Amino acid sequence: MRRLSQPLFLTILTLFSSHLFALDTARLMTITLQASDTETVDIGQVTFTAENGGYRYELQIDEDKFEKQFLSMRPFDCMQKPKMMVCHLPYPYQNNRFITAEDMSNLEYELLFLHKYPGAYGIDAYNGIYYQMQITGNGIEGQLHDVDLNVLKVPPEDEELRPITPDMLYTANPDKHWFMKVLIH
C-alpha cells in the first residue's frame, strides 16, 4: 500500500478537522479574548447550527465582563487596564447571523472593537480592531487586525452590507494591543 505524502496527509487532516467541527455545532461555545497564554477573558457564548452548507448562529455577549463607559457621546461596553481600554462596538446594521467556512464576515462584524489609550479624549473609530476568523480543529480563531471603522458611520448600501474589505485590514503591532486573538471554543 502506498503511503500518503506529508502535504497531502496534512490537507486531508485539515479538511477532516473542519468536517469534525461541522458535526459538533449543537453545543454552546465560549468566546474568549486572548492576550497571552495566561491572560484570557471569556466575553460570551455562541451556538452554531448547520444549515445550507454553512452555519446559523446565536451569539450572546456577557455584559457583566465589561464596564459601561460614555465615550464620544454614546455608551460603550469596555474593559480597561492602566495603559489600554478596549470597547465592544456592536455592528449597527443588518446581520443575518450566517457564516460559511469561506465567509466568516457576519461573525467578524459581531466582534468589532475599538481601543483607546489613556489621555485620549473620547474614542476614535480610526482605532478599530477586527478579528479575521477561520475554522480550526478546536473551533474558530480570529487574528487581530487594525482597521479604520469610520466606514461604519454611514449606513452601507443595500447591496453591500459588509463595507470592511480585506485591503482595509492592517497587521496589528502586538506592542500596541491588549487582546491579540479571539477564540471560539
# chains A, B, ... in the order shown; residues from 1 in each chain; ligands from 1

call {"tool": "select_by_dssp", "arguments": {"residues": "stretch 9-128 of chain A", "states": "alpha helix (DSSP H)", "output": "ChimeraX atom specification"}}
result
/A:9-23,105-110

call {"tool": "write_last_selection", "arguments": {"atoms": "N, CA and C atoms", "output": "compact mmCIF listing (two decimals), in the first residue's frame"}}
result
# COMPACT_ATOMS: atom_id res chain seq x y z
N PHE A 9 -1.37 14.40 3.29
CA PHE A 9 -1.92 13.96 4.57
C PHE A 9 -2.40 15.15 5.39
N LEU A 10 -1.60 16.23 5.46
CA LEU A 10 -1.99 17.42 6.22
C LEU A 10 -3.21 18.08 5.62
N THR A 11 -3.32 18.10 4.30
CA THR A 11 -4.50 18.66 3.64
C THR A 11 -5.74 17.86 4.00
N ILE A 12 -5.65 16.55 3.94
CA ILE A 12 -6.78 15.68 4.29
C ILE A 12 -7.14 15.86 5.76
N LEU A 13 -6.14 15.95 6.62
CA LEU A 13 -6.38 16.14 8.05
C LEU A 13 -7.10 17.47 8.30
N THR A 14 -6.68 18.53 7.61
CA THR A 14 -7.32 19.83 7.76
C THR A 14 -8.78 19.77 7.33
N LEU A 15 -9.04 19.16 6.19
CA LEU A 15 -10.42 19.03 5.72
C LEU A 15 -11.25 18.21 6.70
N PHE A 16 -10.67 17.13 7.24
CA PHE A 16 -11.37 16.29 8.19
C PHE A 16 -11.65 17.06 9.47
N SER A 17 -10.69 17.89 9.93
CA SER A 17 -10.89 18.68 11.14
C SER A 17 -12.05 19.65 10.96
N SER A 18 -12.13 20.30 9.79
CA SER A 18 -13.25 21.20 9.53
C SER A 18 -14.56 20.44 9.53
N HIS A 19 -14.54 19.22 8.99
CA HIS A 19 -15.75 18.41 8.97
C HIS A 19 -16.16 18.01 10.40
N LEU A 20 -15.18 17.71 11.26
CA LEU A 20 -15.50 17.40 12.65
C LEU A 20 -16.18 18.57 13.32
N PHE A 21 -15.70 19.78 13.04
CA PHE A 21 -16.32 20.97 13.60
C PHE A 21 -17.78 21.04 13.19
N ALA A 22 -18.08 20.72 11.94
CA ALA A 22 -19.45 20.77 11.44
C ALA A 22 -20.34 19.78 12.20
N LEU A 23 -19.78 18.69 12.66
CA LEU A 23 -20.57 17.68 13.37
C LEU A 23 -20.84 18.07 14.84
N SER A 105 -17.58 36.70 7.71
CA SER A 105 -17.73 38.14 7.95
C SER A 105 -18.86 38.49 8.91
N ASN A 106 -19.99 37.81 8.86
CA ASN A 106 -21.08 38.15 9.80
C ASN A 106 -20.61 37.99 11.25
N LEU A 107 -19.91 36.93 11.54
CA LEU A 107 -19.39 36.70 12.89
C LEU A 107 -18.29 37.72 13.22
N GLU A 108 -17.43 38.02 12.25
CA GLU A 108 -16.38 39.01 12.46
C GLU A 108 -16.98 40.38 12.80
N TYR A 109 -18.09 40.72 12.16
CA TYR A 109 -18.75 42.01 12.43
C TYR A 109 -19.43 42.04 13.80
N GLU A 110 -19.75 40.89 14.36
CA GLU A 110 -20.32 40.83 15.71
C GLU A 110 -19.27 41.15 16.77

call {"tool": "residues_around", "arguments": {"residues": "stretch 70-85 of chain A", "least_positions_apart": "2", "cutoff": "8 Å", "atoms": "only C-alpha atoms", "output": "list in words"}}
result
Glu63, Lys65, Phe66, Glu67, Lys68, Cys87, His88, Leu89, His115, Lys116, Tyr117, Pro118, Gly122, Ile123, His177 and Trp178 of chain A

call {"tool": "residues_around", "arguments": {"residues": "stretch 46-50 of chain A", "least_positions_apart": "4", "cutoff": "6 Å", "atoms": "only C-alpha atoms", "output": "ChimeraX atom specification"}}
result
/A:25-26,28-29,54-59

call {"tool": "write_last_selection", "arguments": {"atoms": "N, CA and C atoms", "output": "PDB file, in the first residue's frame"}}
result
ATOM      1  N   THR A  25     -21.804  21.131  16.223  1.00  0.00           N
ATOM      2  CA  THR A  25     -22.293  22.501  16.253  1.00  0.00           C
ATOM      3  C   THR A  25     -23.459  22.736  17.205  1.00  0.00           C
ATOM      4  N   ALA A  26     -24.020  21.728  17.794  1.00  0.00           N
ATOM      5  CA  ALA A  26     -25.202  21.917  18.632  1.00  0.00           C
ATOM      6  C   ALA A  26     -24.849  22.270  20.078  1.00  0.00           C
ATOM      7  N   LEU A  28     -22.981  24.735  23.122  1.00  0.00           N
ATOM      8  CA  LEU A  28     -22.641  26.107  23.470  1.00  0.00           C
ATOM      9  C   LEU A  28     -21.123  26.251  23.449  1.00  0.00           C
ATOM     10  N   MET A  29     -20.640  27.256  22.729  1.00  0.00           N
ATOM     11  CA  MET A  29     -19.200  27.509  22.660  1.00  0.00           C
ATOM     12  C   MET A  29     -18.906  28.843  23.337  1.00  0.00           C
ATOM     13  N   GLY A  54     -23.582  25.921   5.478  1.00  0.00           N
ATOM     14  CA  GLY A  54     -22.946  26.880   6.381  1.00  0.00           C
ATOM     15  C   GLY A  54     -23.454  26.693   7.780  1.00  0.00           C
ATOM     16  N   TYR A  55     -23.420  27.762   8.551  1.00  0.00           N
ATOM     17  CA  TYR A  55     -23.799  27.687   9.953  1.00  0.00           C
ATOM     18  C   TYR A  55     -24.590  28.932  10.341  1.00  0.00           C
ATOM     19  N   ARG A  56     -25.757  28.745  10.880  1.00  0.00           N
ATOM     20  CA  ARG A  56     -26.512  29.824  11.500  1.00  0.00           C
ATOM     21  C   ARG A  56     -26.051  29.859  12.956  1.00  0.00           C
ATOM     22  N   TYR A  57     -26.017  31.032  13.557  1.00  0.00           N
ATOM     23  CA  TYR A  57     -25.543  31.099  14.937  1.00  0.00           C
ATOM     24  C   TYR A  57     -26.380  32.050  15.782  1.00  0.00           C
ATOM     25  N   GLU A  58     -26.366  31.779  17.074  1.00  0.00           N
ATOM     26  CA  GLU A  58     -26.949  32.638  18.110  1.00  0.00           C
ATOM     27  C   GLU A  58     -25.784  33.066  18.990  1.00  0.00           C
ATOM     28  N   LEU A  59     -25.621  34.376  19.193  1.00  0.00           N
ATOM     29  CA  LEU A  59     -24.487  34.900  19.938  1.00  0.00           C
ATOM     30  C   LEU A  59     -24.969  35.786  21.078  1.00  0.00           C
TER      31      LEU A  59
END

call {"tool": "select_by_dssp", "arguments": {"residues": "chain A", "states": "strand (DSSP E)", "output": "short mmCIF file (atom, residue, chain, number, x, y, z; two decimals) with C-alpha atoms, in the first residue's frame"}}
result
data_model
loop_
_atom_site.label_atom_id
_atom_site.label_comp_id
_atom_site.auth_asym_id
_atom_site.auth_seq_id
_atom_site.Cartn_x
_atom_site.Cartn_y
_atom_site.Cartn_z
CA LEU A 28 -22.64 26.11 23.47
CA MET A 29 -19.20 27.51 22.66
CA THR A 30 -17.29 30.17 24.60
CA ILE A 31 -15.99 33.40 23.07
CA THR A 32 -12.62 34.27 24.60
CA LEU A 33 -10.36 37.27 24.08
CA GLN A 34 -6.75 36.12 24.43
CA THR A 40 -7.75 35.48 28.73
CA VAL A 41 -11.25 36.85 29.23
CA ASP A 42 -14.40 34.91 28.35
CA ILE A 43 -16.81 37.51 26.93
CA GLY A 44 -19.75 35.49 25.68
CA GLN A 45 -21.22 32.36 24.18
CA VAL A 46 -22.30 31.26 20.72
CA THR A 47 -24.21 28.25 19.39
CA PHE A 48 -23.91 27.13 15.77
CA THR A 49 -26.42 25.10 13.78
CA ALA A 50 -25.53 23.57 10.42
CA GLU A 51 -27.70 24.93 7.62
CA GLY A 54 -22.95 26.88 6.38
CA TYR A 55 -23.80 27.69 9.95
CA ARG A 56 -26.51 29.82 11.50
CA TYR A 57 -25.54 31.10 14.94
CA GLU A 58 -26.95 32.64 18.11
CA LEU A 59 -24.49 34.90 19.94
CA GLN A 60 -24.67 36.47 23.39
CA ILE A 61 -22.08 38.91 24.74
CA GLU A 67 -17.72 48.27 32.33
CA LYS A 68 -20.16 50.84 30.96
CA GLN A 69 -18.38 53.93 29.60
CA PHE A 70 -19.88 57.01 27.99
CA LEU A 71 -17.43 57.99 25.25
CA ARG A 74 -22.55 57.32 23.33
CA PRO A 75 -22.39 54.31 25.66
CA PHE A 76 -19.83 51.53 25.18
CA ASP A 77 -19.09 48.27 26.96
CA CYS A 78 -15.36 48.43 27.77
CA MET A 79 -12.56 46.60 29.53
CA GLN A 80 -9.74 48.63 30.95
CA LYS A 81 -6.23 48.28 32.24
CA MET A 84 -5.35 50.49 27.34
CA MET A 85 -9.12 50.46 27.05
CA VAL A 86 -10.90 48.07 24.68
CA CYS A 87 -14.57 48.66 23.87
CA HIS A 88 -17.04 46.42 22.04
CA PHE A 98 -24.94 33.07 8.99
CA ILE A 99 -21.37 32.00 8.13
CA PHE A 113 -13.84 46.56 18.98
CA LEU A 114 -12.26 49.98 19.40
CA HIS A 115 -9.21 50.75 21.51
CA LYS A 116 -8.21 53.89 23.34
CA GLY A 128 -10.73 49.83 15.14
CA ILE A 129 -9.99 46.21 15.93
CA TYR A 130 -11.09 43.49 13.51
CA TYR A 131 -10.56 39.78 14.15
CA GLN A 132 -10.28 37.91 10.85
CA MET A 133 -11.59 34.41 11.60
CA GLN A 134 -11.11 30.90 10.36
CA ILE A 135 -12.34 27.49 11.41
CA THR A 136 -9.70 25.37 13.15
CA GLY A 139 -13.41 25.78 16.85
CA ILE A 140 -12.76 29.25 15.42
CA GLU A 141 -9.75 31.52 15.81
CA GLY A 142 -9.63 35.20 14.94
CA GLN A 143 -6.39 37.08 14.29
CA LEU A 144 -6.20 40.75 15.27
CA HIS A 145 -6.03 43.42 12.58
CA ASP A 146 -6.13 47.19 12.82
CA VAL A 147 -8.87 48.85 10.78
CA TYR A 170 -3.58 46.01 8.64
CA THR A 171 -1.35 43.69 10.60
CA LYS A 181 -6.79 36.76 19.33
CA VAL A 182 -10.41 35.86 19.74
CA LEU A 183 -11.11 32.15 20.26
CA ILE A 184 -14.47 30.42 19.93
#

call {"tool": "residues_around", "arguments": {"residues": "stretch 156-158 of chain A", "least_positions_apart": "6", "cutoff": "12 Å", "atoms": "only C-alpha atoms", "output": "VMD selection string"}}
result
chain A and resid 91 to 95 150 164

call {"tool": "write_last_selection", "arguments": {"atoms": "N, CA and C atoms", "output": "PDB file, in the first residue's frame"}}
result
ATOM      1  N   TYR A  91     -22.190  45.981  15.784  1.00  0.00           N
ATOM      2  CA  TYR A  91     -22.424  46.369  14.393  1.00  0.00           C
ATOM      3  C   TYR A  91     -23.848  46.912  14.289  1.00  0.00           C
ATOM      4  N   PRO A  92     -24.003  48.159  13.840  1.00  0.00           N
ATOM      5  CA  PRO A  92     -25.320  48.800  13.896  1.00  0.00           C
ATOM      6  C   PRO A  92     -26.266  48.489  12.738  1.00  0.00           C
ATOM      7  N   TYR A  93     -25.827  47.659  11.800  1.00  0.00           N
ATOM      8  CA  TYR A  93     -26.647  47.407  10.616  1.00  0.00           C
ATOM      9  C   TYR A  93     -27.045  45.940  10.546  1.00  0.00           C
ATOM     10  N   GLN A  94     -27.732  45.557   9.498  1.00  0.00           N
ATOM     11  CA  GLN A  94     -28.269  44.204   9.333  1.00  0.00           C
ATOM     12  C   GLN A  94     -27.174  43.145   9.396  1.00  0.00           C
ATOM     13  N   ASN A  95     -27.471  42.069  10.107  1.00  0.00           N
ATOM     14  CA  ASN A  95     -26.576  40.920  10.181  1.00  0.00           C
ATOM     15  C   ASN A  95     -27.452  39.676  10.218  1.00  0.00           C
ATOM     16  N   ASN A 150     -14.310  54.075  10.652  1.00  0.00           N
ATOM     17  CA  ASN A 150     -15.097  55.231  10.234  1.00  0.00           C
ATOM     18  C   ASN A 150     -16.023  54.887   9.081  1.00  0.00           C
ATOM     19  N   ILE A 164     -16.368  46.626   5.186  1.00  0.00           N
ATOM     20  CA  ILE A 164     -14.950  46.455   5.514  1.00  0.00           C
ATOM     21  C   ILE A 164     -14.378  45.417   4.560  1.00  0.00           C
TER      22      ILE A 164
END
